[in-house]
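**Q** Contents of protein-v1.txt (compact mmCIF, N, CA and C atoms):
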```
# COMPACT_ATOMS: atom_id res chain seq x y z
N GLN E 626 25.14 -119.62 21.70
CA GLN E 626 23.77 -119.23 21.97
C GLN E 626 23.15 -120.25 22.93
N VAL E 627 22.65 -119.76 24.05
CA VAL E 627 22.04 -120.65 25.04
C VAL E 627 20.68 -121.11 24.55
N LYS E 628 20.46 -122.40 24.67
CA LYS E 628 19.15 -122.96 24.30
C LYS E 628 18.67 -123.85 25.43
N LEU E 629 17.39 -123.76 25.73
CA LEU E 629 16.75 -124.58 26.74
C LEU E 629 15.56 -125.28 26.11
N MET E 630 15.50 -126.60 26.23
CA MET E 630 14.43 -127.36 25.60
C MET E 630 13.77 -128.25 26.63
N GLU E 631 12.52 -127.93 26.97
CA GLU E 631 11.78 -128.72 27.96
C GLU E 631 11.11 -129.92 27.32
N SER E 632 10.89 -130.95 28.13
CA SER E 632 10.12 -132.11 27.71
C SER E 632 9.55 -132.76 28.96
N GLY E 633 8.61 -133.69 28.74
CA GLY E 633 8.07 -134.44 29.87
C GLY E 633 6.71 -134.01 30.34
N GLY E 634 6.18 -132.93 29.78
CA GLY E 634 4.85 -132.51 30.18
C GLY E 634 3.80 -133.49 29.72
N GLY E 635 2.58 -133.33 30.22
CA GLY E 635 1.50 -134.21 29.82
C GLY E 635 0.32 -134.07 30.74
N SER E 636 -0.58 -135.03 30.66
CA SER E 636 -1.77 -135.03 31.48
C SER E 636 -1.67 -136.14 32.52
N VAL E 637 -2.12 -135.84 33.72
CA VAL E 637 -2.05 -136.81 34.81
C VAL E 637 -3.20 -136.54 35.76
N GLN E 638 -3.61 -137.56 36.46
CA GLN E 638 -4.67 -137.38 37.45
C GLN E 638 -4.09 -136.85 38.75
N ALA E 639 -4.94 -136.20 39.51
CA ALA E 639 -4.52 -135.68 40.80
C ALA E 639 -3.92 -136.80 41.65
N GLY E 640 -2.83 -136.47 42.32
CA GLY E 640 -2.13 -137.46 43.12
C GLY E 640 -1.01 -138.16 42.37
N GLY E 641 -0.97 -137.97 41.06
CA GLY E 641 0.04 -138.61 40.24
C GLY E 641 1.35 -137.87 40.22
N SER E 642 2.27 -138.37 39.39
CA SER E 642 3.61 -137.81 39.32
C SER E 642 4.02 -137.58 37.87
N LEU E 643 4.89 -136.61 37.68
CA LEU E 643 5.50 -136.34 36.38
C LEU E 643 6.90 -135.82 36.62
N THR E 644 7.79 -136.07 35.68
CA THR E 644 9.13 -135.48 35.74
C THR E 644 9.37 -134.69 34.46
N LEU E 645 9.66 -133.42 34.63
CA LEU E 645 10.01 -132.56 33.51
C LEU E 645 11.53 -132.55 33.34
N SER E 646 11.96 -132.44 32.10
CA SER E 646 13.38 -132.34 31.79
C SER E 646 13.64 -131.09 30.98
N CYS E 647 14.83 -130.56 31.12
CA CYS E 647 15.24 -129.39 30.35
C CYS E 647 16.67 -129.61 29.88
N ALA E 648 16.82 -129.80 28.58
CA ALA E 648 18.15 -129.97 28.00
C ALA E 648 18.73 -128.60 27.71
N ALA E 649 19.87 -128.33 28.32
CA ALA E 649 20.50 -127.02 28.17
C ALA E 649 21.75 -127.12 27.31
N SER E 650 21.96 -126.13 26.47
CA SER E 650 23.15 -126.12 25.63
C SER E 650 23.58 -124.68 25.37
N GLY E 651 24.85 -124.54 24.98
CA GLY E 651 25.33 -123.22 24.58
C GLY E 651 25.97 -122.40 25.67
N PHE E 652 26.01 -122.91 26.90
CA PHE E 652 26.65 -122.14 27.97
C PHE E 652 28.16 -122.12 27.73
N VAL E 653 28.79 -120.98 27.96
CA VAL E 653 30.23 -120.88 27.74
C VAL E 653 31.01 -121.24 28.98
N HIS E 654 30.38 -121.25 30.15
CA HIS E 654 31.00 -121.78 31.36
C HIS E 654 29.92 -122.38 32.24
N SER E 655 30.34 -123.10 33.25
CA SER E 655 29.41 -123.94 34.01
C SER E 655 28.74 -123.27 35.19
N LYS E 656 29.19 -122.05 35.57
CA LYS E 656 28.57 -121.41 36.72
C LYS E 656 27.25 -120.80 36.29
N THR E 657 26.21 -121.56 36.48
CA THR E 657 24.89 -121.11 36.06
C THR E 657 23.86 -121.40 37.14
N MET E 658 22.81 -120.65 37.11
CA MET E 658 21.66 -120.87 37.98
C MET E 658 20.49 -121.21 37.08
N MET E 659 19.73 -122.23 37.47
CA MET E 659 18.62 -122.64 36.63
C MET E 659 17.36 -122.80 37.46
N GLY E 660 16.23 -122.73 36.82
CA GLY E 660 14.99 -122.83 37.57
C GLY E 660 13.81 -123.22 36.70
N TRP E 661 12.68 -123.34 37.36
CA TRP E 661 11.42 -123.62 36.70
C TRP E 661 10.41 -122.55 37.09
N VAL E 662 9.72 -122.06 36.11
CA VAL E 662 8.69 -121.05 36.29
C VAL E 662 7.43 -121.58 35.62
N ARG E 663 6.28 -121.33 36.19
CA ARG E 663 5.05 -121.80 35.57
C ARG E 663 4.03 -120.68 35.42
N GLN E 664 3.13 -120.89 34.47
CA GLN E 664 2.06 -119.93 34.26
C GLN E 664 0.76 -120.69 34.05
N ALA E 665 -0.13 -120.53 34.99
CA ALA E 665 -1.45 -121.15 34.90
C ALA E 665 -2.37 -120.28 34.05
N PRO E 666 -3.41 -120.86 33.48
CA PRO E 666 -4.32 -120.07 32.65
C PRO E 666 -4.89 -118.88 33.41
N GLY E 667 -4.76 -117.71 32.81
CA GLY E 667 -5.32 -116.51 33.41
C GLY E 667 -4.56 -115.97 34.60
N LYS E 668 -3.39 -116.53 34.88
CA LYS E 668 -2.62 -116.08 36.05
C LYS E 668 -1.24 -115.61 35.64
N LYS E 669 -0.58 -114.88 36.56
CA LYS E 669 0.78 -114.43 36.32
C LYS E 669 1.74 -115.60 36.46
N ARG E 670 2.91 -115.41 35.88
CA ARG E 670 3.95 -116.43 36.04
C ARG E 670 4.36 -116.53 37.49
N GLU E 671 4.76 -117.73 37.89
CA GLU E 671 5.14 -118.00 39.28
C GLU E 671 6.45 -118.79 39.31
N GLY E 672 7.40 -118.32 40.09
CA GLY E 672 8.62 -119.09 40.27
C GLY E 672 8.31 -120.35 41.06
N VAL E 673 8.74 -121.50 40.56
CA VAL E 673 8.44 -122.78 41.19
C VAL E 673 9.63 -123.30 41.97
N ALA E 674 10.78 -123.35 41.33
CA ALA E 674 11.98 -123.89 41.98
C ALA E 674 13.22 -123.33 41.31
N VAL E 675 14.27 -123.16 42.10
CA VAL E 675 15.54 -122.67 41.59
C VAL E 675 16.67 -123.55 42.12
N LEU E 676 17.60 -123.87 41.24
CA LEU E 676 18.82 -124.57 41.62
C LEU E 676 19.97 -123.59 41.40
N ASP E 677 20.55 -123.14 42.51
CA ASP E 677 21.60 -122.15 42.42
C ASP E 677 22.91 -122.82 42.00
N SER E 678 23.90 -122.01 41.65
CA SER E 678 25.15 -122.55 41.13
C SER E 678 25.93 -123.35 42.16
N ASP E 679 25.67 -123.11 43.45
CA ASP E 679 26.36 -123.85 44.51
C ASP E 679 25.58 -125.09 44.95
N GLY E 680 24.49 -125.38 44.27
CA GLY E 680 23.68 -126.55 44.61
C GLY E 680 22.52 -126.27 45.54
N SER E 681 22.43 -125.06 46.04
CA SER E 681 21.29 -124.71 46.89
C SER E 681 20.00 -124.75 46.10
N THR E 682 18.94 -125.15 46.76
CA THR E 682 17.64 -125.21 46.10
C THR E 682 16.63 -124.35 46.84
N PHE E 683 15.69 -123.81 46.09
CA PHE E 683 14.66 -122.95 46.65
C PHE E 683 13.34 -123.31 45.98
N TYR E 684 12.30 -123.34 46.78
CA TYR E 684 10.99 -123.76 46.27
C TYR E 684 9.90 -122.78 46.68
N ALA E 685 8.91 -122.66 45.82
CA ALA E 685 7.71 -121.93 46.20
C ALA E 685 7.00 -122.73 47.30
N GLU E 686 6.36 -122.02 48.21
CA GLU E 686 5.67 -122.69 49.31
C GLU E 686 4.64 -123.70 48.81
N SER E 687 4.02 -123.38 47.69
CA SER E 687 2.95 -124.22 47.17
C SER E 687 3.43 -125.58 46.67
N VAL E 688 4.74 -125.72 46.45
CA VAL E 688 5.24 -126.99 45.90
C VAL E 688 6.24 -127.68 46.83
N LYS E 689 6.57 -127.05 47.95
CA LYS E 689 7.53 -127.66 48.89
C LYS E 689 7.05 -129.04 49.32
N GLU E 690 7.96 -129.94 49.47
CA GLU E 690 7.70 -131.33 49.88
C GLU E 690 7.05 -132.15 48.77
N ARG E 691 6.71 -131.53 47.64
CA ARG E 691 6.10 -132.29 46.54
C ARG E 691 6.98 -132.27 45.28
N PHE E 692 7.72 -131.18 45.07
CA PHE E 692 8.55 -131.05 43.87
C PHE E 692 10.02 -131.08 44.27
N THR E 693 10.85 -131.62 43.37
CA THR E 693 12.29 -131.65 43.59
C THR E 693 13.00 -131.22 42.32
N ILE E 694 13.87 -130.23 42.44
CA ILE E 694 14.67 -129.78 41.32
C ILE E 694 16.06 -130.38 41.43
N SER E 695 16.59 -130.83 40.30
CA SER E 695 17.92 -131.43 40.30
C SER E 695 18.53 -131.27 38.91
N LYS E 696 19.82 -131.61 38.84
CA LYS E 696 20.51 -131.45 37.57
C LYS E 696 21.51 -132.56 37.35
N ASP E 697 21.55 -133.09 36.16
CA ASP E 697 22.59 -134.01 35.75
C ASP E 697 23.67 -133.15 35.09
N LYS E 698 24.75 -132.91 35.83
CA LYS E 698 25.78 -132.00 35.34
C LYS E 698 26.47 -132.54 34.10
N ALA E 699 26.67 -133.83 34.06
CA ALA E 699 27.38 -134.44 32.93
C ALA E 699 26.60 -134.25 31.62
N LYS E 700 25.27 -134.38 31.73
CA LYS E 700 24.43 -134.28 30.54
C LYS E 700 23.86 -132.88 30.36
N ASN E 701 24.04 -132.03 31.36
CA ASN E 701 23.49 -130.68 31.35
C ASN E 701 21.98 -130.69 31.17
N ILE E 702 21.33 -131.52 31.97
CA ILE E 702 19.87 -131.61 31.94
C ILE E 702 19.33 -131.25 33.32
N LEU E 703 18.39 -130.35 33.34
CA LEU E 703 17.70 -129.95 34.56
C LEU E 703 16.41 -130.74 34.67
N TYR E 704 16.08 -131.17 35.89
CA TYR E 704 14.86 -131.94 36.10
C TYR E 704 13.95 -131.25 37.11
N LEU E 705 12.68 -131.54 37.00
CA LEU E 705 11.72 -131.17 38.03
C LEU E 705 10.84 -132.39 38.27
N GLN E 706 11.08 -133.05 39.39
CA GLN E 706 10.27 -134.19 39.76
C GLN E 706 9.07 -133.69 40.54
N MET E 707 7.89 -134.01 40.04
CA MET E 707 6.66 -133.52 40.64
C MET E 707 5.82 -134.71 41.11
N SER E 708 5.43 -134.68 42.36
CA SER E 708 4.60 -135.75 42.90
C SER E 708 3.41 -135.14 43.64
N SER E 709 2.46 -135.98 43.98
CA SER E 709 1.23 -135.54 44.65
C SER E 709 0.64 -134.34 43.93
N LEU E 710 0.56 -134.46 42.62
CA LEU E 710 0.11 -133.33 41.81
C LEU E 710 -1.34 -132.98 42.10
N LYS E 711 -1.61 -131.68 42.02
CA LYS E 711 -2.94 -131.15 42.28
C LYS E 711 -3.45 -130.42 41.03
N PRO E 712 -4.75 -130.30 40.89
CA PRO E 712 -5.27 -129.56 39.72
C PRO E 712 -4.70 -128.15 39.62
N GLU E 713 -4.39 -127.53 40.76
CA GLU E 713 -3.83 -126.18 40.72
C GLU E 713 -2.40 -126.15 40.23
N ASP E 714 -1.78 -127.30 40.01
CA ASP E 714 -0.45 -127.35 39.41
C ASP E 714 -0.53 -127.26 37.89
N THR E 715 -1.72 -127.30 37.35
CA THR E 715 -1.90 -127.19 35.91
C THR E 715 -1.35 -125.86 35.41
N ALA E 716 -0.43 -125.93 34.45
CA ALA E 716 0.23 -124.72 33.95
C ALA E 716 1.18 -125.09 32.83
N VAL E 717 1.67 -124.06 32.16
CA VAL E 717 2.81 -124.23 31.27
C VAL E 717 4.06 -124.03 32.12
N TYR E 718 4.96 -124.97 32.06
CA TYR E 718 6.18 -124.91 32.85
C TYR E 718 7.35 -124.53 31.96
N TYR E 719 8.08 -123.50 32.38
CA TYR E 719 9.22 -123.00 31.62
C TYR E 719 10.51 -123.28 32.36
N CYS E 720 11.50 -123.70 31.62
CA CYS E 720 12.87 -123.84 32.14
C CYS E 720 13.56 -122.50 31.96
N THR E 721 14.29 -122.08 32.99
CA THR E 721 14.97 -120.78 32.94
C THR E 721 16.42 -120.94 33.39
N ALA E 722 17.24 -119.98 32.97
CA ALA E 722 18.65 -120.05 33.35
C ALA E 722 19.32 -118.70 33.22
N GLU E 723 20.43 -118.56 33.90
CA GLU E 723 21.31 -117.43 33.69
C GLU E 723 22.67 -117.74 34.28
N TYR E 724 23.66 -116.98 33.85
CA TYR E 724 25.00 -117.15 34.37
C TYR E 724 25.08 -116.58 35.78
N GLY E 725 26.01 -117.14 36.54
CA GLY E 725 26.24 -116.62 37.88
C GLY E 725 25.52 -117.43 38.92
N GLY E 726 25.42 -116.88 40.12
CA GLY E 726 24.76 -117.57 41.20
C GLY E 726 24.78 -116.75 42.47
N GLY E 727 24.19 -117.34 43.51
CA GLY E 727 24.16 -116.67 44.80
C GLY E 727 22.90 -115.89 45.08
N LEU E 728 22.02 -115.83 44.10
CA LEU E 728 20.77 -115.09 44.29
C LEU E 728 19.57 -115.99 43.99
N GLY E 729 19.68 -117.23 44.40
CA GLY E 729 18.64 -118.19 44.07
C GLY E 729 17.29 -117.82 44.64
N ARG E 730 17.27 -117.46 45.91
CA ARG E 730 15.99 -117.10 46.55
C ARG E 730 15.40 -115.86 45.88
N TRP E 731 16.25 -114.91 45.56
CA TRP E 731 15.76 -113.69 44.92
C TRP E 731 15.18 -114.02 43.55
N HIS E 732 15.84 -114.90 42.81
CA HIS E 732 15.34 -115.26 41.48
C HIS E 732 14.05 -116.05 41.54
N LEU E 733 13.83 -116.77 42.62
CA LEU E 733 12.56 -117.47 42.77
C LEU E 733 11.42 -116.46 42.80
N LEU E 734 11.65 -115.36 43.49
CA LEU E 734 10.62 -114.33 43.60
C LEU E 734 10.60 -113.39 42.41
N ASN E 735 11.77 -113.19 41.80
CA ASN E 735 11.90 -112.26 40.67
C ASN E 735 12.26 -113.05 39.42
N HIS E 736 11.45 -114.04 39.12
CA HIS E 736 11.78 -114.98 38.07
C HIS E 736 11.87 -114.34 36.70
N GLU E 737 11.22 -113.19 36.50
CA GLU E 737 11.29 -112.54 35.19
C GLU E 737 12.71 -112.06 34.89
N GLU E 738 13.59 -112.04 35.88
CA GLU E 738 14.96 -111.59 35.69
C GLU E 738 15.86 -112.66 35.08
N PHE E 739 15.37 -113.89 34.98
CA PHE E 739 16.18 -114.92 34.31
C PHE E 739 16.42 -114.47 32.86
N ASP E 740 17.64 -114.70 32.38
CA ASP E 740 18.00 -114.24 31.04
C ASP E 740 17.54 -115.19 29.94
N TYR E 741 17.49 -116.47 30.26
CA TYR E 741 17.20 -117.45 29.22
C TYR E 741 15.96 -118.27 29.58
N TRP E 742 15.13 -118.52 28.57
CA TRP E 742 13.87 -119.23 28.78
C TRP E 742 13.67 -120.28 27.69
N GLY E 743 13.08 -121.41 28.08
CA GLY E 743 12.67 -122.40 27.11
C GLY E 743 11.29 -122.04 26.55
N GLN E 744 10.78 -122.91 25.70
CA GLN E 744 9.50 -122.62 25.05
C GLN E 744 8.31 -123.05 25.90
N GLY E 745 8.56 -123.83 26.94
CA GLY E 745 7.50 -124.26 27.84
C GLY E 745 6.93 -125.62 27.50
N THR E 746 6.44 -126.30 28.52
CA THR E 746 5.79 -127.59 28.34
C THR E 746 4.52 -127.61 29.20
N GLN E 747 3.44 -128.13 28.66
CA GLN E 747 2.15 -128.10 29.34
C GLN E 747 2.02 -129.26 30.32
N VAL E 748 1.58 -128.94 31.52
CA VAL E 748 1.24 -129.95 32.52
C VAL E 748 -0.23 -129.75 32.88
N THR E 749 -1.02 -130.79 32.74
CA THR E 749 -2.44 -130.73 33.06
C THR E 749 -2.77 -131.79 34.10
N VAL E 750 -3.33 -131.36 35.21
CA VAL E 750 -3.68 -132.27 36.29
C VAL E 750 -5.20 -132.26 36.45
N SER E 751 -5.81 -133.41 36.26
CA SER E 751 -7.26 -133.51 36.35
C SER E 751 -7.67 -134.07 37.71
N SER E 752 -8.83 -133.62 38.17
CA SER E 752 -9.31 -134.07 39.49
C SER E 752 -10.11 -135.36 39.38
```
Translate the structure of the given file into structure tokens.

**A**
Amino acid sequence: QVKLMESGGGSVQAGGSLTLSCAASGFVHSKTMMGWVRQAPGKKREGVAVLDSDGSTFYAESVKERFTISKDKAKNILYLQMSSLKPEDTAVYYCTAEYGGGLGRWHLLNHEEFDYWGQGTQVTVSS
């Protein structure tokens, strides 16, 4: 059974940095695509970043040059390094995953198609 557990959320002032982590377990093989999706209060979910199975990365325009997605393969932990945070980055951030790869850009836009989701972690950015 695949499990995703996020951590690292919290409160930070605008311009600050945070790193989210997602501990993944239960995958039966290593070819997986993982990503981060966020939902701000009163808004629809938004794909933030995707790490495809071949190492390709894809980012929402709103976070390019500020966020970095990466993975520690040995520990099976996905990260989202966030810098120059803005109040509009305030949201619940979800770790997502599914088997396979090659559709990273599509999954960024169609994030609801991810098969596995974590419980989410709150990020609050104050001005």

**Q** Pick out the closest residue to E:Gly633 from this set: E:Thr657, E:Ser752, E:Ser709, E:Thr746. Count all atoms listed in the file.

**A** E:Thr746

**Q** Using DSSP on the backbone, list every residue of stretch 660-692 of chain E that comes out as strand (DSSP E), and give them as a PyMOL selection string.

**A** chain E and resi 660-664+670-676+682-684+692

**Q** List as a tab-separated table (two decimals) with N, CA and C atoms, in the frame of the given file the protein and nucleic acid residues near E:Gly672, meaning an atom at most 6 Å away when all atoms listed in the file are counted, but skip any in the same chain fewer than 3 places from it.

**A**
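Below you can see selection.tsv, which holds the result:
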```tsv
chain	number	residue	atom	x	y	z
E	661	TRP	N	12.68	-123.34	37.36
E	661	TRP	CA	11.42	-123.62	36.70
E	661	TRP	C	10.41	-122.55	37.09
E	662	VAL	N	9.72	-122.06	36.11
E	662	VAL	CA	8.69	-121.05	36.29
E	662	VAL	C	7.43	-121.58	35.62
E	663	ARG	N	6.28	-121.33	36.19
E	663	ARG	CA	5.05	-121.80	35.57
E	663	ARG	C	4.03	-120.68	35.42
E	685	ALA	N	8.91	-122.66	45.82
E	685	ALA	CA	7.71	-121.93	46.20
E	685	ALA	C	7.00	-122.73	47.30
E	733	LEU	N	13.83	-116.77	42.62
E	733	LEU	CA	12.56	-117.47	42.77
E	733	LEU	C	11.42	-116.46	42.80
E	734	LEU	N	11.65	-115.36	43.49
E	734	LEU	CA	10.62	-114.33	43.60
E	734	LEU	C	10.60	-113.39	42.41
E	736	HIS	N	11.45	-114.04	39.12
E	736	HIS	CA	11.78	-114.98	38.07
E	736	HIS	C	11.87	-114.34	36.70
```

**Q** With only N, CA and C atoms counted and 8 Å as the cut-off, give the residues of stretch 644-732 of chain E in contact with stretch 737-741 of chain E, each with its shortest interatomic distance in Å and the pair that gives it, as CSV.

**A**
```
residue,atom,partner,partner_atom,distance
E:Arg670,C,E:Glu737,N,7.7
E:Glu671,C,E:Glu737,N,7.9
E:Gly672,N,E:Glu737,N,7.3
E:Tyr719,C,E:Tyr741,C,7.9
E:Cys720,C,E:Tyr741,C,5.4
E:Thr721,CA,E:Tyr741,C,4.3
E:Ala722,N,E:Tyr741,C,4.0
E:Glu723,CA,E:Asp740,N,4.8
E:Tyr724,N,E:Asp740,N,6.6
E:His732,C,E:Glu737,N,6.4
```

**Q** Suppose we keep N, CA and C atoms; can you now write the selection as a PDB file, in the frame of the given file?

**A**
```
ATOM      1  N   ARG E 670       2.910-115.410  35.880  1.00  0.00           N
ATOM      2  CA  ARG E 670       3.950-116.430  36.040  1.00  0.00           C
ATOM      3  C   ARG E 670       4.360-116.530  37.490  1.00  0.00           C
ATOM      4  N   GLU E 671       4.760-117.730  37.890  1.00  0.00           N
ATOM      5  CA  GLU E 671       5.140-118.000  39.280  1.00  0.00           C
ATOM      6  C   GLU E 671       6.450-118.790  39.310  1.00  0.00           C
ATOM      7  N   GLY E 672       7.400-118.320  40.090  1.00  0.00           N
ATOM      8  CA  GLY E 672       8.620-119.090  40.270  1.00  0.00           C
ATOM      9  C   GLY E 672       8.310-120.350  41.060  1.00  0.00           C
ATOM     10  N   TYR E 719       8.080-123.500  32.380  1.00  0.00           N
ATOM     11  CA  TYR E 719       9.220-123.000  31.620  1.00  0.00           C
ATOM     12  C   TYR E 719      10.510-123.280  32.360  1.00  0.00           C
ATOM     13  N   CYS E 720      11.500-123.700  31.620  1.00  0.00           N
ATOM     14  CA  CYS E 720      12.870-123.840  32.140  1.00  0.00           C
ATOM     15  C   CYS E 720      13.560-122.500  31.960  1.00  0.00           C
ATOM     16  N   THR E 721      14.290-122.080  32.990  1.00  0.00           N
ATOM     17  CA  THR E 721      14.970-120.780  32.940  1.00  0.00           C
ATOM     18  C   THR E 721      16.420-120.940  33.390  1.00  0.00           C
ATOM     19  N   ALA E 722      17.240-119.980  32.970  1.00  0.00           N
ATOM     20  CA  ALA E 722      18.650-120.050  33.350  1.00  0.00           C
ATOM     21  C   ALA E 722      19.320-118.700  33.220  1.00  0.00           C
ATOM     22  N   GLU E 723      20.430-118.560  33.900  1.00  0.00           N
ATOM     23  CA  GLU E 723      21.310-117.430  33.690  1.00  0.00           C
ATOM     24  C   GLU E 723      22.670-117.740  34.280  1.00  0.00           C
ATOM     25  N   TYR E 724      23.660-116.980  33.850  1.00  0.00           N
ATOM     26  CA  TYR E 724      25.000-117.150  34.370  1.00  0.00           C
ATOM     27  C   TYR E 724      25.080-116.580  35.780  1.00  0.00           C
ATOM     28  N   HIS E 732      15.840-114.900  42.810  1.00  0.00           N
ATOM     29  CA  HIS E 732      15.340-115.260  41.480  1.00  0.00           C
ATOM     30  C   HIS E 732      14.050-116.050  41.540  1.00  0.00           C
TER      31      HIS E 732
END
```

**Q** Find the residues around E:Arg730 up to 8 Å (all atoms listed in the file counted), leave out those fewer than 4 positions away in its own chain, and share them as a ChimeraX atom specification.

**A** /E:675-677,681-684,734-735

**Q** At what distance in Å, to one decimal, does atom N of E:Thr749 lie from atom N of E:Gly651?

**A**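 It comes out at 27.7 Å.
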
**Q** Please work out which residues fall within 6.5 Å of (-2.2, -133.7, 33.2), coordinates as given in the file, with all atoms listed in the file counting, and return them as a PyMOL selection string.

**A** chain E and resi 635-638+748-751

**Q** Can I get the selected residues back with N, CA and C atoms, as a PDB file, in the coordinates of the input?

**A**
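Here's the written file out24.pdb:
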```
ATOM      1  N   GLY E 635       2.580-133.330  30.220  1.00  0.00           N
ATOM      2  CA  GLY E 635       1.500-134.210  29.820  1.00  0.00           C
ATOM      3  C   GLY E 635       0.320-134.070  30.740  1.00  0.00           C
ATOM      4  N   SER E 636      -0.580-135.030  30.660  1.00  0.00           N
ATOM      5  CA  SER E 636      -1.770-135.030  31.480  1.00  0.00           C
ATOM      6  C   SER E 636      -1.670-136.140  32.520  1.00  0.00           C
ATOM      7  N   VAL E 637      -2.120-135.840  33.720  1.00  0.00           N
ATOM      8  CA  VAL E 637      -2.050-136.810  34.810  1.00  0.00           C
ATOM      9  C   VAL E 637      -3.200-136.540  35.760  1.00  0.00           C
ATOM     10  N   GLN E 638      -3.610-137.560  36.460  1.00  0.00           N
ATOM     11  CA  GLN E 638      -4.670-137.380  37.450  1.00  0.00           C
ATOM     12  C   GLN E 638      -4.090-136.850  38.750  1.00  0.00           C
ATOM     13  N   VAL E 748       1.580-128.940  31.520  1.00  0.00           N
ATOM     14  CA  VAL E 748       1.240-129.950  32.520  1.00  0.00           C
ATOM     15  C   VAL E 748      -0.230-129.750  32.880  1.00  0.00           C
ATOM     16  N   THR E 749      -1.020-130.790  32.740  1.00  0.00           N
ATOM     17  CA  THR E 749      -2.440-130.730  33.060  1.00  0.00           C
ATOM     18  C   THR E 749      -2.770-131.790  34.100  1.00  0.00           C
ATOM     19  N   VAL E 750      -3.330-131.360  35.210  1.00  0.00           N
ATOM     20  CA  VAL E 750      -3.680-132.270  36.290  1.00  0.00           C
ATOM     21  C   VAL E 750      -5.200-132.260  36.450  1.00  0.00           C
ATOM     22  N   SER E 751      -5.810-133.410  36.260  1.00  0.00           N
ATOM     23  CA  SER E 751      -7.260-133.510  36.350  1.00  0.00           C
ATOM     24  C   SER E 751      -7.670-134.070  37.710  1.00  0.00           C
TER      25      SER E 751
END
```

**Q** Could you give me the residues within stretch 655-743 of chain E that DSSP places in helix (DSSP H, G or I), as a PyMOL selection string?

**A** chain E and resi 712-714+729-734+736-738

**Q** Tell me, in Å to one decimal, how far atom CA of E:Leu629 is from atom CA of E:Ala674.

**A**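 Value for the atom CA of E:Leu629-atom CA of E:Ala674 distance: 16.0 Å.
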